[in-house]
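Undergrad: Just dropping this structure here.
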Amino acid sequence: MSVPSALQNEKFANCQESIKILYLVDDKFKCICDDYCTTTDKVEIFKKRIEEDFRNRIDYENLAKELEEEILFYISNNTDRKY
């Protein structure tokens with residue numbers, strides 16, 4: 001059983017040997033580490049989702065502006081007609 005890659009980061013750089021040992025022999029420590037890995041994975045998922053949501057919001061805002069202009073243009077070119 002190997003140590004998850006999420007634990008091999010800058011924050012834990014000075015503790016890698018201890019992490020390897022404790023992860024293999026201490027169930028409570030392993031559980032904490034596994035929870036940490038799950039949490040950091042979720043953070044990354046939400047970061048990507050937020051970035052994607054932001055891009056989608058910008059796209060829809062731009063589309064709404066274009067449609068506003070099209071509506072105003074249409075009205076200005078068709079107001080003298082009688083319906």
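To be explicit about the labels: the chains of the structure tokens are called A, B, and onward in the order shown, and within each one the residues are counted from 1, while ligands get numbers from 1 in the order they are shown.
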Run DSSP on the backbone and give me the residues of chain A it puts in alpha helix (DSSP H), as a PyMOL selection string.
TA: chain A and resi 16-25+27-78
Undergrad: Just to be explicit: take each residue in the selection above, keep C-alpha atoms, and write the result as a PDB file, in the first residue's frame.
TA:
ATOM      1  CA  GLN A  16       7.524  12.359   4.059  1.00  0.00           C
ATOM      2  CA  GLU A  17       9.318   9.588   5.931  1.00  0.00           C
ATOM      3  CA  SER A  18       7.009   9.905   8.950  1.00  0.00           C
ATOM      4  CA  ILE A  19       3.968   9.997   6.680  1.00  0.00           C
ATOM      5  CA  LYS A  20       5.059   6.814   4.904  1.00  0.00           C
ATOM      6  CA  ILE A  21       5.559   4.950   8.165  1.00  0.00           C
ATOM      7  CA  LEU A  22       2.463   6.220   9.973  1.00  0.00           C
ATOM      8  CA  TYR A  23       0.263   5.719   6.925  1.00  0.00           C
ATOM      9  CA  LEU A  24       1.222   2.049   6.826  1.00  0.00           C
ATOM     10  CA  VAL A  25       1.059   1.247  10.541  1.00  0.00           C
ATOM     11  CA  ASP A  27      -5.117   3.181  11.092  1.00  0.00           C
ATOM     12  CA  LYS A  28      -6.254   6.466  12.660  1.00  0.00           C
ATOM     13  CA  PHE A  29      -3.509   8.390  10.829  1.00  0.00           C
ATOM     14  CA  LYS A  30      -4.378   6.593   7.583  1.00  0.00           C
ATOM     15  CA  CYS A  31      -8.022   7.562   8.011  1.00  0.00           C
ATOM     16  CA  ILE A  32      -7.088  11.221   8.585  1.00  0.00           C
ATOM     17  CA  CYS A  33      -4.870  11.147   5.502  1.00  0.00           C
ATOM     18  CA  ASP A  34      -7.535   9.489   3.377  1.00  0.00           C
ATOM     19  CA  ASP A  35     -10.065  12.108   4.499  1.00  0.00           C
ATOM     20  CA  TYR A  36      -7.555  14.825   3.614  1.00  0.00           C
ATOM     21  CA  CYS A  37      -7.077  13.324   0.145  1.00  0.00           C
ATOM     22  CA  THR A  38     -10.819  13.101  -0.430  1.00  0.00           C
ATOM     23  CA  THR A  39     -11.240  16.695   0.689  1.00  0.00           C
ATOM     24  CA  THR A  40      -8.477  18.037  -1.544  1.00  0.00           C
ATOM     25  CA  ASP A  41      -9.951  16.114  -4.495  1.00  0.00           C
ATOM     26  CA  LYS A  42     -13.333  17.730  -3.834  1.00  0.00           C
ATOM     27  CA  VAL A  43     -11.737  21.177  -3.624  1.00  0.00           C
ATOM     28  CA  GLU A  44     -10.228  20.675  -7.076  1.00  0.00           C
ATOM     29  CA  ILE A  45     -13.569  19.511  -8.475  1.00  0.00           C
ATOM     30  CA  PHE A  46     -15.300  22.619  -7.106  1.00  0.00           C
ATOM     31  CA  LYS A  47     -12.541  24.909  -8.404  1.00  0.00           C
ATOM     32  CA  LYS A  48     -13.025  23.495 -11.894  1.00  0.00           C
ATOM     33  CA  ARG A  49     -16.791  23.761 -11.577  1.00  0.00           C
ATOM     34  CA  ILE A  50     -16.551  27.392 -10.446  1.00  0.00           C
ATOM     35  CA  GLU A  51     -14.260  28.203 -13.377  1.00  0.00           C
ATOM     36  CA  GLU A  52     -16.636  26.481 -15.775  1.00  0.00           C
ATOM     37  CA  ASP A  53     -19.661  28.215 -14.239  1.00  0.00           C
ATOM     38  CA  PHE A  54     -17.873  31.559 -14.545  1.00  0.00           C
ATOM     39  CA  ARG A  55     -17.115  30.963 -18.232  1.00  0.00           C
ATOM     40  CA  ASN A  56     -20.730  29.920 -18.838  1.00  0.00           C
ATOM     41  CA  ARG A  57     -22.011  33.004 -17.011  1.00  0.00           C
ATOM     42  CA  ILE A  58     -19.820  35.268 -19.149  1.00  0.00           C
ATOM     43  CA  ASP A  59     -21.000  33.523 -22.323  1.00  0.00           C
ATOM     44  CA  TYR A  60     -24.649  33.963 -21.344  1.00  0.00           C
ATOM     45  CA  GLU A  61     -24.122  37.591 -20.311  1.00  0.00           C
ATOM     46  CA  ASN A  62     -22.544  38.298 -23.699  1.00  0.00           C
ATOM     47  CA  LEU A  63     -25.359  36.519 -25.493  1.00  0.00           C
ATOM     48  CA  ALA A  64     -27.947  38.483 -23.509  1.00  0.00           C
ATOM     49  CA  LYS A  65     -26.240  41.764 -24.500  1.00  0.00           C
ATOM     50  CA  GLU A  66     -26.225  40.733 -28.160  1.00  0.00           C
ATOM     51  CA  LEU A  67     -29.909  39.814 -27.976  1.00  0.00           C
ATOM     52  CA  GLU A  68     -30.736  43.122 -26.242  1.00  0.00           C
ATOM     53  CA  GLU A  69     -29.067  44.958 -29.122  1.00  0.00           C
ATOM     54  CA  GLU A  70     -30.895  42.808 -31.656  1.00  0.00           C
ATOM     55  CA  ILE A  71     -34.246  43.501 -29.955  1.00  0.00           C
ATOM     56  CA  LEU A  72     -33.615  47.259 -29.943  1.00  0.00           C
ATOM     57  CA  PHE A  73     -32.455  47.166 -33.570  1.00  0.00           C
ATOM     58  CA  TYR A  74     -35.526  45.170 -34.563  1.00  0.00           C
ATOM     59  CA  ILE A  75     -37.845  47.584 -32.761  1.00  0.00           C
ATOM     60  CA  SER A  76     -36.201  50.635 -34.298  1.00  0.00           C
ATOM     61  CA  ASN A  77     -36.545  49.166 -37.801  1.00  0.00           C
ATOM     62  CA  ASN A  78     -40.115  47.989 -37.390  1.00  0.00           C
TER      63      ASN A  78
END
